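Pasting query27.csv here (CSV, C-alpha atoms):
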```
chain,number,residue,atom,x,y,z
E,1,MET,CA,31.9,-33.4,131.5
E,2,PHE,CA,34.0,-30.7,130.0
E,3,LEU,CA,35.1,-28.0,132.4
E,4,ALA,CA,37.0,-25.2,130.8
E,5,GLY,CA,39.2,-24.2,133.8
E,6,ASN,CA,39.7,-27.7,135.1
E,7,PRO,CA,43.2,-29.0,134.1
E,8,VAL,CA,42.2,-32.6,134.9
E,9,ASN,CA,39.5,-32.6,132.1
E,10,SER,CA,41.2,-30.2,129.7
E,11,HIS,CA,42.1,-33.1,127.3
E,12,LEU,CA,38.4,-34.0,126.9
E,13,SER,CA,36.1,-32.4,124.4
E,14,ALA,CA,32.5,-31.4,125.2
E,15,SER,CA,31.3,-34.9,124.4
E,16,GLY,CA,33.8,-36.4,126.8
E,17,ARG,CA,36.0,-38.0,124.1
E,18,SER,CA,39.7,-37.5,124.0
E,19,ALA,CA,40.9,-34.9,121.5
E,20,ALA,CA,43.7,-37.3,120.5
E,21,HIS,CA,41.0,-39.6,118.9
E,22,TYR,CA,39.2,-36.8,117.1
E,23,PRO,CA,39.6,-38.2,113.5
E,24,GLU,CA,38.2,-41.6,114.5
E,25,TRP,CA,35.0,-40.4,116.2
E,26,VAL,CA,34.3,-37.8,113.6
E,27,ALA,CA,34.6,-40.5,110.9
E,28,ASP,CA,32.3,-42.7,113.0
E,29,SER,CA,29.6,-40.0,113.3
E,30,ASP,CA,29.2,-39.3,109.6
E,31,SER,CA,25.4,-38.6,109.4
E,32,THR,CA,25.2,-39.0,105.6
E,33,ARG,CA,26.5,-42.6,105.9
E,34,GLU,CA,24.3,-43.5,108.8
E,35,THR,CA,21.0,-42.0,107.9
E,36,GLY,CA,21.2,-41.5,104.1
E,37,TYR,CA,20.4,-37.8,104.7
E,38,THR,CA,21.3,-35.4,101.8
E,39,PRO,CA,21.1,-31.7,102.5
E,40,PRO,CA,18.6,-29.8,100.4
E,41,PRO,CA,19.8,-27.6,97.6
E,42,LEU,CA,20.7,-24.0,98.2
E,43,PRO,CA,17.9,-21.5,97.6
E,44,PRO,CA,18.1,-19.3,94.5
E,45,VAL,CA,19.9,-16.0,94.8
E,46,THR,CA,17.4,-13.2,95.4
E,47,ALA,CA,19.7,-10.2,95.1
E,48,GLY,CA,20.1,-9.5,91.5
E,49,LEU,CA,23.0,-8.1,89.4
E,50,TRP,CA,21.1,-4.9,88.6
E,51,HIS,CA,20.3,-4.2,92.2
E,52,LEU,CA,23.9,-4.5,93.6
E,53,ALA,CA,26.8,-4.7,91.2
E,54,VAL,CA,25.8,-2.2,88.5
E,55,PRO,CA,24.8,0.6,90.8
E,56,GLY,CA,27.9,0.0,92.9
E,57,THR,CA,30.2,0.1,89.9
E,58,VAL,CA,28.5,3.3,88.7
E,59,ILE,CA,28.8,4.9,92.1
E,60,TRP,CA,32.6,4.2,92.2
E,61,PHE,CA,33.0,5.7,88.7
E,62,VAL,CA,31.0,8.8,89.6
E,63,ALA,CA,33.1,9.3,92.8
E,64,PHE,CA,36.3,8.9,90.8
E,65,VAL,CA,35.1,11.5,88.3
E,66,VAL,CA,34.1,13.9,91.0
E,67,LEU,CA,37.5,13.5,92.8
E,68,LEU,CA,39.3,14.3,89.6
E,69,PHE,CA,38.2,17.9,90.1
E,70,PHE,CA,39.8,18.0,93.5
E,71,ILE,CA,43.2,16.6,92.7
E,72,PRO,CA,45.1,19.7,94.0
E,73,THR,CA,43.2,19.6,97.3
E,74,LEU,CA,43.8,15.8,97.6
E,75,GLN,CA,47.5,16.3,97.0
E,76,ALA,CA,47.7,19.2,99.5
E,77,ASN,CA,46.0,17.1,102.2
E,78,ASP,CA,47.9,13.9,101.3
E,79,THR,CA,44.6,12.0,100.6
E,80,MET,CA,45.2,10.9,97.0
E,81,VAL,CA,44.3,7.4,98.2
E,82,TRP,CA,40.7,8.3,97.9
E,83,LEU,CA,41.0,8.8,94.2
E,84,TRP,CA,42.8,5.5,93.7
E,85,THR,CA,40.3,3.7,95.9
E,86,CYS,CA,37.5,4.9,93.7
E,87,LEU,CA,39.4,3.8,90.6
E,88,ALA,CA,40.0,0.4,92.2
E,89,GLY,CA,36.3,0.0,93.1
E,90,PHE,CA,35.3,0.8,89.5
E,91,VAL,CA,37.8,-1.6,88.0
E,92,LEU,CA,36.9,-4.4,90.4
E,93,GLY,CA,33.2,-3.7,89.6
E,94,LEU,CA,33.9,-4.1,85.9
E,95,LEU,CA,35.8,-7.3,86.6
E,96,GLY,CA,33.0,-8.7,88.6
E,97,LEU,CA,30.4,-7.8,85.9
E,98,SER,CA,32.6,-9.4,83.3
E,99,VAL,CA,32.9,-12.7,85.3
E,100,TYR,CA,29.1,-12.7,85.8
E,101,ALA,CA,28.6,-12.2,82.0
E,102,LEU,CA,31.0,-15.0,81.2
E,103,GLN,CA,29.2,-17.3,83.7
E,104,ARG,CA,25.9,-16.4,82.2
E,105,ARG,CA,27.1,-17.1,78.7
E,106,ALA,CA,28.6,-20.4,79.7
E,107,ALA,CA,25.3,-21.4,81.4
E,108,ARG,CA,23.3,-20.5,78.3
E,109,LEU,CA,25.7,-22.7,76.3
E,110,GLY,CA,25.2,-25.6,78.7
E,111,ARG,CA,28.8,-25.9,79.9
E,112,ARG,CA,29.2,-28.1,83.0
E,113,SER,CA,31.6,-25.7,84.7
E,114,ALA,CA,29.1,-22.8,84.6
E,115,ASN,CA,27.0,-21.6,87.5
E,116,GLN,CA,23.4,-22.4,86.5
E,117,MET,CA,22.0,-19.9,89.0
E,118,ALA,CA,23.2,-17.2,86.7
E,119,LEU,CA,20.3,-18.0,84.4
E,120,ASP,CA,17.7,-17.6,87.2
E,121,GLU,CA,17.9,-13.8,87.1
E,122,SER,CA,16.3,-11.9,84.3
E,123,ILE,CA,18.3,-8.9,83.2
```
Structure rendered as structure tokens:
Amino acid sequence: MFLAGNPVNSHLSASGRSAAHYPEWVADSDSTRETGYTPPPLPPVTAGLWHLAVPGTVIWFVAFVVLLFFIPTLQANDTMVWLWTCLAGFVLGLLGLSVYALQRRAARLGRRSANQMALDESI
């Protein structure tokens, strides 16, 4: 039995096997090989593009535009990082939307490398 503070048993794992023989007993316990079990497929994505990515990108852009009116105040308080953070959020949002659009297009064309779950959502 494994006892955390006991130096005599510190070389044993919770199963009582030596840590030095870890690769062997992990390879021996491969459940897929023994039982033929295959895990079920992942469930479809329920959070859609229009519910998360588009509003987030729009919010970053609106925050950037609002902060443009406060540039002198931001400079006086040494907080220009807020402006650049909003710009980075907007640019990364656009990048994410473009990747999603490319995946969706590739899935429609039947490309093997495309994520087929991109077609599950109706835009």
Pairwise distance for atom CA of E:Arg105 and atom CA of E:Cys86, rounded to one decimal in Å: 28.6 Å
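Put simply, atom CA of E:Ala88 is 8.3 Å away from atom CA of E:Trp60.
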Distance of atom CA of E:Val91 from atom CA of E:Val65, expressed in Å to one decimal place: 13.4 Å
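The environment of E:Val54 within 12 Å, counting all atoms listed in the file and disregarding residues fewer than 2 places along the same chain, consists of Gly48, Leu49, Trp50, His51, Leu52, Gly56, Thr57, Val58, Ile59, Trp60, Phe61, Gly89, Phe90, Leu92, Gly93, Leu94, Leu95, Gly96, Leu97, Ser98, Tyr100 and Ile123 of chain E.
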